[in-house]
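Structure record follows, encoded as structure tokens.
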Amino acid sequence: MSNLFFTYIPGTSLIHRLDPRTKIISVMIASMIIFKLASFAEMALIGAVFLILSLVSSIPFKVSMAAVKPMIVFLVIIFLMQLFLTEGTALFSLSGFSATREGLHIGLLLTVKFVYLLLFASLLTATTAPSMLTAGIERMLRPLPLKKAGISSFDLATMMSLSIHFFPLLYEHLWHLKDAQMSRGLDPGRSPFKTVYSLSVPMMRTAFRSAEEVSFAMESRCYQGICRTSLFDPRMQRRDFAALSAFVVVMWVILFFA
Amino acid sequence: MIEITTLNHRYPGGKLSLDSVDLHIEKGEFVVIAGRNGSGKSTLVRHMNALLLPSSGSVKVKGYCTAKNANLREIRRTVGMVFQNPDSQFVGMTVEEDIAFGLENTGTPPERVRQLVDEILELMELSDYKKYTPRSLSGGQRQMIAIAGVLVMEPECMVFDEITSMLDPTSRKEILATIHHINKKGTTVVHVTHMLEEAVGADRLIVMDSGKIVLEGSPDDVFTHPDIIQKHGMELPPVAELSRRLYDSGIIKKKIVFSRDELVEELCRSM
Ligand SMILES: Nc1ncnc2c1ncn2[C@@H]1O[C@H](COP(=O)(O)OP(=O)(O)OP(=O)(O)O)[C@@H](O)[C@H]1O
Ligand SMILES: [Mg+2]
């Protein structure tokens, strides 16, 4: 897996310095707008907004592309489905299915929409440290009545950062395990079912054991899921409100005038 | 500091993992707990900060009973614990965040957290790595970070549960030096190990087997019972074993010697 995939690129640009909440809200607004768009002119303008933002934050384009690359198969499938399954004027036909002009239009729009979503999301993760991101999400969840569901925003934030942190560990472990089983004669090509079985049982055991260990470690450092403070203390400042308003205005203009 | 009286522990569905253990640990002491795999060392020390609660008997930390839920926070702040596997005790995504974790839990204001974290990073010579993910560092460094994460909370007592067992000899030495240093500064230390030579320089050595304390005393005293030590699945380090035999046959004057250099010196002296 490419390690540029939704990775954080440290920097000091204006966008890096914005409060995580500003960026999260902006991405949410952007996604809503993107799904409302219907013309290529509007799409082009959103593309321009993205380009300007990535220039300002000096995130190399290949970082954003790394977020799109693993999704390409999915995007192609969406495009082809729209192309062939939409009714309309036929363009050409392939073994009984005919591609339509309308299908081409909708397919292209939809594909571009998904690509834009990925691009904006990658801009968010590239300019925001994971811990800032979780701190921001924690702050946004805090006013919600999560207590009723028996969970605190601190719990949720901790769970998020734990999973970001533990997935690579478990993944690494899976590879070790696979090597170990293969050196004992396991052949994933020939017996895929047996492979899944012989890997999943020890994997589950490891996952549970590390979960127990980590919960001991957390508890012994006084973790109780309530009233935590944070090394990072995001504060909304004037520049955040300014950036957010500017972003809303630009998006509104695109939606209504383009 | 810690008073354990007739403590029994039984895991659900298992046999007794601790069998009427009595143990008092004084303030400022350096206690080493040794024993073979499954002898109950981890179970015992996990009672010291209420990660486990007694099946019967009692554990008191500074007079606070661990069985009482209201004492939990005070007890966990008094007794900090570092575990064997550095990877499964990291919670933060970077070194500095991980070290901050405990302080955040106790509600320390952000500016103060920043200051304390930076101080400890400086002290442990980890400042260069503060933005790294702990996973990208060496085993020894990772254990240093785990120690820093507990030390930063300034506990009065620190428990180390086999923290050296996954390390190479060099890092092991460094870590040992660090925990001796921590003890010199006044912190009570409980160090769990299966290597008897790590007891050198400790105030007290406790050997456990099948949930019981089988030997207890100053390391020098305990080492004069190699037969009992062996019966319980432990081994004197080779140099110590050799020096003991030399002493028994009257060749050297010193009862027990742990380093090769010292043994050479002793031999030269008696020639
Ligand atoms: N979570 C558990 N559930 C059931 N039994 C357990 C559990 N943890 C430990 N035991 C049992 O309790 C006994 C003591 O285990 P403990 O982990 O305290 O030993 P230890 O001296 O720390 O061993 P090691 O050197 O392997 O760390 C063992 O017989 C073990 O099988
Ligand atoms: Mg143990």
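Residues are referred to by chain and number: the chain letter is A, B, ... according to the order shown in the structure tokens, the number counts from 1 in that chain, and ligands are numbered separately from 1 in the order shown.
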Would you mind listing, as an mmCIF file with N, CA and C atoms, in the first residue's frame, all residues of chain A that have at least one atom within 12 Å of chain B, where only C-alpha atoms are what counts?
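Full text of selection_34.cif as output:
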```
data_model
loop_
_atom_site.group_PDB
_atom_site.id
_atom_site.type_symbol
_atom_site.label_atom_id
_atom_site.label_comp_id
_atom_site.auth_asym_id
_atom_site.auth_seq_id
_atom_site.Cartn_x
_atom_site.Cartn_y
_atom_site.Cartn_z
ATOM 1 N N TYR A 8 -0.516 12.551 6.481
ATOM 2 C CA TYR A 8 -0.345 13.929 6.938
ATOM 3 C C TYR A 8 1.003 14.449 6.460
ATOM 4 N N PRO A 10 3.366 17.436 7.193
ATOM 5 C CA PRO A 10 3.557 18.591 8.080
ATOM 6 C C PRO A 10 3.882 19.852 7.289
ATOM 7 N N ALA A 129 -2.750 17.227 11.464
ATOM 8 C CA ALA A 129 -2.146 16.104 12.167
ATOM 9 C C ALA A 129 -3.262 15.213 12.700
ATOM 10 N N PRO A 130 -3.059 13.874 12.656
ATOM 11 C CA PRO A 130 -4.122 12.966 13.097
ATOM 12 C C PRO A 130 -4.670 13.325 14.481
ATOM 13 N N SER A 131 -3.750 13.725 15.368
ATOM 14 C CA SER A 131 -4.196 14.033 16.725
ATOM 15 C C SER A 131 -5.074 15.276 16.751
ATOM 16 N N MET A 132 -4.734 16.259 15.886
ATOM 17 C CA MET A 132 -5.549 17.465 15.782
ATOM 18 C C MET A 132 -6.922 17.113 15.239
ATOM 19 N N LEU A 133 -6.904 16.204 14.274
ATOM 20 C CA LEU A 133 -8.161 15.772 13.670
ATOM 21 C C LEU A 133 -9.062 15.134 14.730
ATOM 22 N N THR A 134 -8.482 14.233 15.526
ATOM 23 C CA THR A 134 -9.314 13.603 16.556
ATOM 24 C C THR A 134 -9.741 14.629 17.600
ATOM 25 N N ALA A 135 -8.818 15.556 17.963
ATOM 26 C CA ALA A 135 -9.193 16.587 18.934
ATOM 27 C C ALA A 135 -10.356 17.408 18.397
ATOM 28 N N PHE A 154 -14.945 11.793 24.611
ATOM 29 C CA PHE A 154 -13.543 11.436 24.870
ATOM 30 C C PHE A 154 -13.296 9.990 24.475
ATOM 31 N N ASP A 155 -14.261 9.127 24.841
ATOM 32 C CA ASP A 155 -14.150 7.719 24.467
ATOM 33 C C ASP A 155 -14.047 7.577 22.961
ATOM 34 N N ALA A 157 -13.131 9.768 20.707
ATOM 35 C CA ALA A 157 -11.874 10.289 20.177
ATOM 36 C C ALA A 157 -10.732 9.314 20.461
ATOM 37 N N THR A 158 -10.702 8.761 21.679
ATOM 38 C CA THR A 158 -9.651 7.814 22.014
ATOM 39 C C THR A 158 -9.764 6.570 21.147
ATOM 40 N N MET A 159 -11.001 6.126 20.923
ATOM 41 C CA MET A 159 -11.192 4.954 20.078
ATOM 42 C C MET A 159 -10.653 5.225 18.677
ATOM 43 N N MET A 160 -10.915 6.428 18.184
ATOM 44 C CA MET A 160 -10.432 6.756 16.847
ATOM 45 C C MET A 160 -8.925 6.712 16.778
ATOM 46 N N SER A 161 -8.270 7.365 17.751
ATOM 47 C CA SER A 161 -6.814 7.409 17.624
ATOM 48 C C SER A 161 -6.229 6.025 17.878
ATOM 49 N N LEU A 162 -6.873 5.228 18.739
ATOM 50 C CA LEU A 162 -6.382 3.862 18.949
ATOM 51 C C LEU A 162 -6.472 3.045 17.664
ATOM 52 N N SER A 163 -7.584 3.223 16.928
ATOM 53 C CA SER A 163 -7.684 2.383 15.730
ATOM 54 C C SER A 163 -6.723 2.847 14.649
ATOM 55 N N ILE A 164 -6.525 4.167 14.534
ATOM 56 C CA ILE A 164 -5.537 4.651 13.571
ATOM 57 C C ILE A 164 -4.180 4.032 13.870
ATOM 58 N N HIS A 165 -3.931 3.847 15.165
ATOM 59 C CA HIS A 165 -2.636 3.426 15.644
ATOM 60 C C HIS A 165 -2.490 1.903 15.575
ATOM 61 N N PHE A 166 -3.608 1.169 15.800
ATOM 62 C CA PHE A 166 -3.489 -0.277 15.891
ATOM 63 C C PHE A 166 -3.645 -1.020 14.582
ATOM 64 N N PRO A 168 -2.219 -0.529 11.611
ATOM 65 C CA PRO A 168 -0.928 -0.909 11.022
ATOM 66 C C PRO A 168 -0.248 -2.022 11.812
ATOM 67 N N LEU A 169 -0.391 -1.994 13.153
ATOM 68 C CA LEU A 169 0.232 -3.026 13.988
ATOM 69 C C LEU A 169 -0.334 -4.401 13.665
ATOM 70 N N LEU A 170 -1.663 -4.481 13.595
ATOM 71 C CA LEU A 170 -2.301 -5.765 13.317
ATOM 72 C C LEU A 170 -1.968 -6.229 11.909
ATOM 73 N N GLU A 172 0.741 -5.550 10.195
ATOM 74 C CA GLU A 172 2.110 -6.046 10.233
ATOM 75 C C GLU A 172 2.133 -7.468 10.796
ATOM 76 N N HIS A 173 1.368 -7.650 11.868
ATOM 77 C CA HIS A 173 1.306 -8.958 12.510
ATOM 78 C C HIS A 173 0.759 -10.011 11.553
ATOM 79 N N THR A 206 -4.517 -12.600 18.912
ATOM 80 C CA THR A 206 -3.609 -11.468 19.092
ATOM 81 C C THR A 206 -4.379 -10.180 19.326
ATOM 82 N N ALA A 207 -5.440 -9.991 18.521
ATOM 83 C CA ALA A 207 -6.195 -8.752 18.639
ATOM 84 C C ALA A 207 -6.757 -8.615 20.050
ATOM 85 N N PHE A 208 -7.318 -9.716 20.562
ATOM 86 C CA PHE A 208 -7.883 -9.648 21.906
ATOM 87 C C PHE A 208 -6.807 -9.424 22.947
ATOM 88 N N ARG A 209 -5.663 -10.118 22.761
ATOM 89 C CA ARG A 209 -4.619 -9.959 23.763
ATOM 90 C C ARG A 209 -4.094 -8.531 23.758
ATOM 91 N N SER A 210 -3.847 -7.962 22.555
ATOM 92 C CA SER A 210 -3.330 -6.594 22.600
ATOM 93 C C SER A 210 -4.386 -5.628 23.118
ATOM 94 N N ALA A 211 -5.658 -5.940 22.857
ATOM 95 C CA ALA A 211 -6.701 -5.067 23.398
ATOM 96 C C ALA A 211 -6.659 -5.101 24.919
ATOM 97 N N GLU A 212 -6.446 -6.290 25.486
ATOM 98 C CA GLU A 212 -6.389 -6.377 26.937
ATOM 99 C C GLU A 212 -5.175 -5.626 27.468
ATOM 100 N N GLU A 213 -4.015 -5.854 26.804
ATOM 101 C CA GLU A 213 -2.799 -5.196 27.264
ATOM 102 C C GLU A 213 -2.947 -3.685 27.220
ATOM 103 N N VAL A 214 -3.497 -3.203 26.100
ATOM 104 C CA VAL A 214 -3.577 -1.757 25.962
ATOM 105 C C VAL A 214 -4.572 -1.183 26.967
ATOM 106 N N SER A 215 -5.617 -1.939 27.293
ATOM 107 C CA SER A 215 -6.562 -1.381 28.254
ATOM 108 C C SER A 215 -5.946 -1.350 29.649
ATOM 109 N N PHE A 216 -5.110 -2.347 29.972
ATOM 110 C CA PHE A 216 -4.374 -2.286 31.236
ATOM 111 C C PHE A 216 -3.475 -1.046 31.263
ATOM 112 N N ALA A 217 -2.756 -0.852 30.155
ATOM 113 C CA ALA A 217 -1.819 0.275 30.104
ATOM 114 C C ALA A 217 -2.568 1.595 30.236
ATOM 115 N N MET A 218 -3.729 1.698 29.589
ATOM 116 C CA MET A 218 -4.491 2.942 29.652
ATOM 117 C C MET A 218 -5.048 3.174 31.048
ATOM 118 N N GLU A 219 -5.593 2.110 31.625
ATOM 119 C CA GLU A 219 -6.155 2.257 32.964
ATOM 120 C C GLU A 219 -5.094 2.641 33.961
ATOM 121 N N SER A 220 -3.903 2.036 33.837
ATOM 122 C CA SER A 220 -2.918 2.338 34.858
ATOM 123 C C SER A 220 -2.363 3.749 34.665
ATOM 124 N N ARG A 221 -2.653 4.370 33.517
ATOM 125 C CA ARG A 221 -2.320 5.786 33.396
ATOM 126 C C ARG A 221 -3.575 6.649 33.592
ATOM 127 N N CYS A 222 -4.448 6.161 34.458
ATOM 128 C CA CYS A 222 -5.595 6.951 34.941
ATOM 129 C C CYS A 222 -6.660 7.232 33.887
ATOM 130 N N TYR A 223 -6.743 6.447 32.824
ATOM 131 C CA TYR A 223 -7.779 6.723 31.827
ATOM 132 C C TYR A 223 -9.151 6.343 32.374
ATOM 133 N N GLN A 224 -10.086 7.279 32.339
ATOM 134 C CA GLN A 224 -11.445 6.956 32.776
ATOM 135 C C GLN A 224 -12.494 7.425 31.788
ATOM 136 N N GLY A 225 -12.052 7.989 30.659
ATOM 137 C CA GLY A 225 -13.002 8.404 29.638
ATOM 138 C C GLY A 225 -13.830 9.614 30.003
ATOM 139 N N ILE A 226 -13.413 10.332 31.053
ATOM 140 C CA ILE A 226 -14.167 11.541 31.402
ATOM 141 C C ILE A 226 -13.200 12.705 31.620
ATOM 142 N N CYS A 227 -13.674 13.901 31.365
ATOM 143 C CA CYS A 227 -12.938 15.118 31.716
ATOM 144 C C CYS A 227 -11.471 15.085 31.338
ATOM 145 N N ARG A 228 -11.155 14.676 30.135
ATOM 146 C CA ARG A 228 -9.752 14.719 29.771
ATOM 147 C C ARG A 228 -9.393 16.124 29.307
ATOM 148 N N THR A 229 -8.129 16.477 29.427
ATOM 149 C CA THR A 229 -7.655 17.681 28.751
ATOM 150 C C THR A 229 -6.858 17.173 27.563
ATOM 151 N N SER A 230 -6.251 18.085 26.805
ATOM 152 C CA SER A 230 -5.509 17.615 25.657
ATOM 153 C C SER A 230 -4.253 18.437 25.470
ATOM 154 N N LEU A 231 -3.179 17.716 25.055
ATOM 155 C CA LEU A 231 -1.923 18.396 24.747
ATOM 156 C C LEU A 231 -2.194 19.447 23.670
ATOM 157 N N PHE A 232 -3.073 19.078 22.734
ATOM 158 C CA PHE A 232 -3.452 20.013 21.687
ATOM 159 C C PHE A 232 -4.788 20.608 22.053
ATOM 160 N N ASP A 233 -4.844 21.910 22.042
ATOM 161 C CA ASP A 233 -6.042 22.574 22.488
ATOM 162 C C ASP A 233 -6.516 23.482 21.362
ATOM 163 N N PRO A 234 -7.210 22.915 20.365
ATOM 164 C CA PRO A 234 -7.586 23.742 19.225
ATOM 165 C C PRO A 234 -8.508 24.885 19.655
ATOM 166 N N ARG A 235 -8.215 26.087 19.167
ATOM 167 C CA ARG A 235 -9.057 27.244 19.471
ATOM 168 C C ARG A 235 -9.451 27.887 18.162
#
```
Original post:
Which chains and residue numbers are within 9 Å of ligand 1, counting only C-alpha atoms and all ligand atoms, if I want them as JSON, numbers by chain?
Top reply: {"A": [212], "B": [9, 10, 11, 12, 13, 14, 15, 16, 17, 18, 34, 35, 36, 37, 38, 39, 40, 41, 42, 43, 44, 45, 46, 84, 161, 162, 192, 193, 194, 208, 209, 210, 211]}
Subject >> Nearest-residue call for Phe114 of chain A, choices A:Thr7, A:Ser31, A:Ser198, A:Ser95, using only C-alpha atoms >> reply: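 Checking each of A:Thr7, A:Ser31, A:Ser198, A:Ser95 against Phe114 of chain A, counting only C-alpha atoms, the winner is A:Ser31.
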Original post:
Out of segment 12-252 of chain A, which residues get alpha helix (DSSP H) from DSSP, as JSON, numbers by chain?
Top reply: {"A": [14, 15, 16, 17, 20, 21, 22, 23, 24, 25, 26, 27, 28, 29, 30, 31, 32, 33, 34, 35, 36, 40, 41, 42, 43, 44, 45, 46, 47, 48, 49, 50, 51, 52, 53, 54, 55, 56, 61, 62, 63, 64, 65, 66, 67, 68, 72, 73, 74, 75, 76, 77, 78, 79, 80, 81, 82, 83, 84, 85, 101, 102, 103, 104, 105, 106, 107, 108, 109, 110, 111, 112, 113, 114, 115, 116, 117, 118, 119, 120, 121, 122, 123, 124, 125, 126, 127, 130, 131, 132, 133, 134, 135, 136, 137, 138, 139, 140, 141, 153, 154, 155, 156, 157, 158, 159, 160, 161, 162, 163, 164, 165, 166, 167, 168, 169, 170, 171, 172, 173, 174, 175, 176, 177, 178, 179, 180, 181, 182, 183, 192, 193, 194, 195, 196, 197, 198, 199, 200, 201, 202, 203, 204, 205, 206, 207, 208, 209, 210, 211, 212, 213, 214, 215, 216, 217, 218, 219, 220, 238, 239, 240, 241, 242, 243, 244, 245, 246, 247, 248, 249, 250, 251, 252]}
Original post:
How many Å lie between atom CA of Ala126 of chain A and atom CA of Phe247 of chain A, rounded to one decimal?
Top reply: 18.5 Å
Original post:
Quick one: residues within 12 Å of Lys36 of chain A, only C-alpha atoms counted, chain neighbours fewer than 5 positions away excluded, as a PyMOL selection string?
Top reply: chain A and resi 29-31+42-43+46+109-110+113+251-252+254-256
**OP:** Between atom CA of Ser98 of chain A and atom CA of Ser39 of chain A, measure the distance and give it in Å to one decimal.
**Re:** 23.5 Å
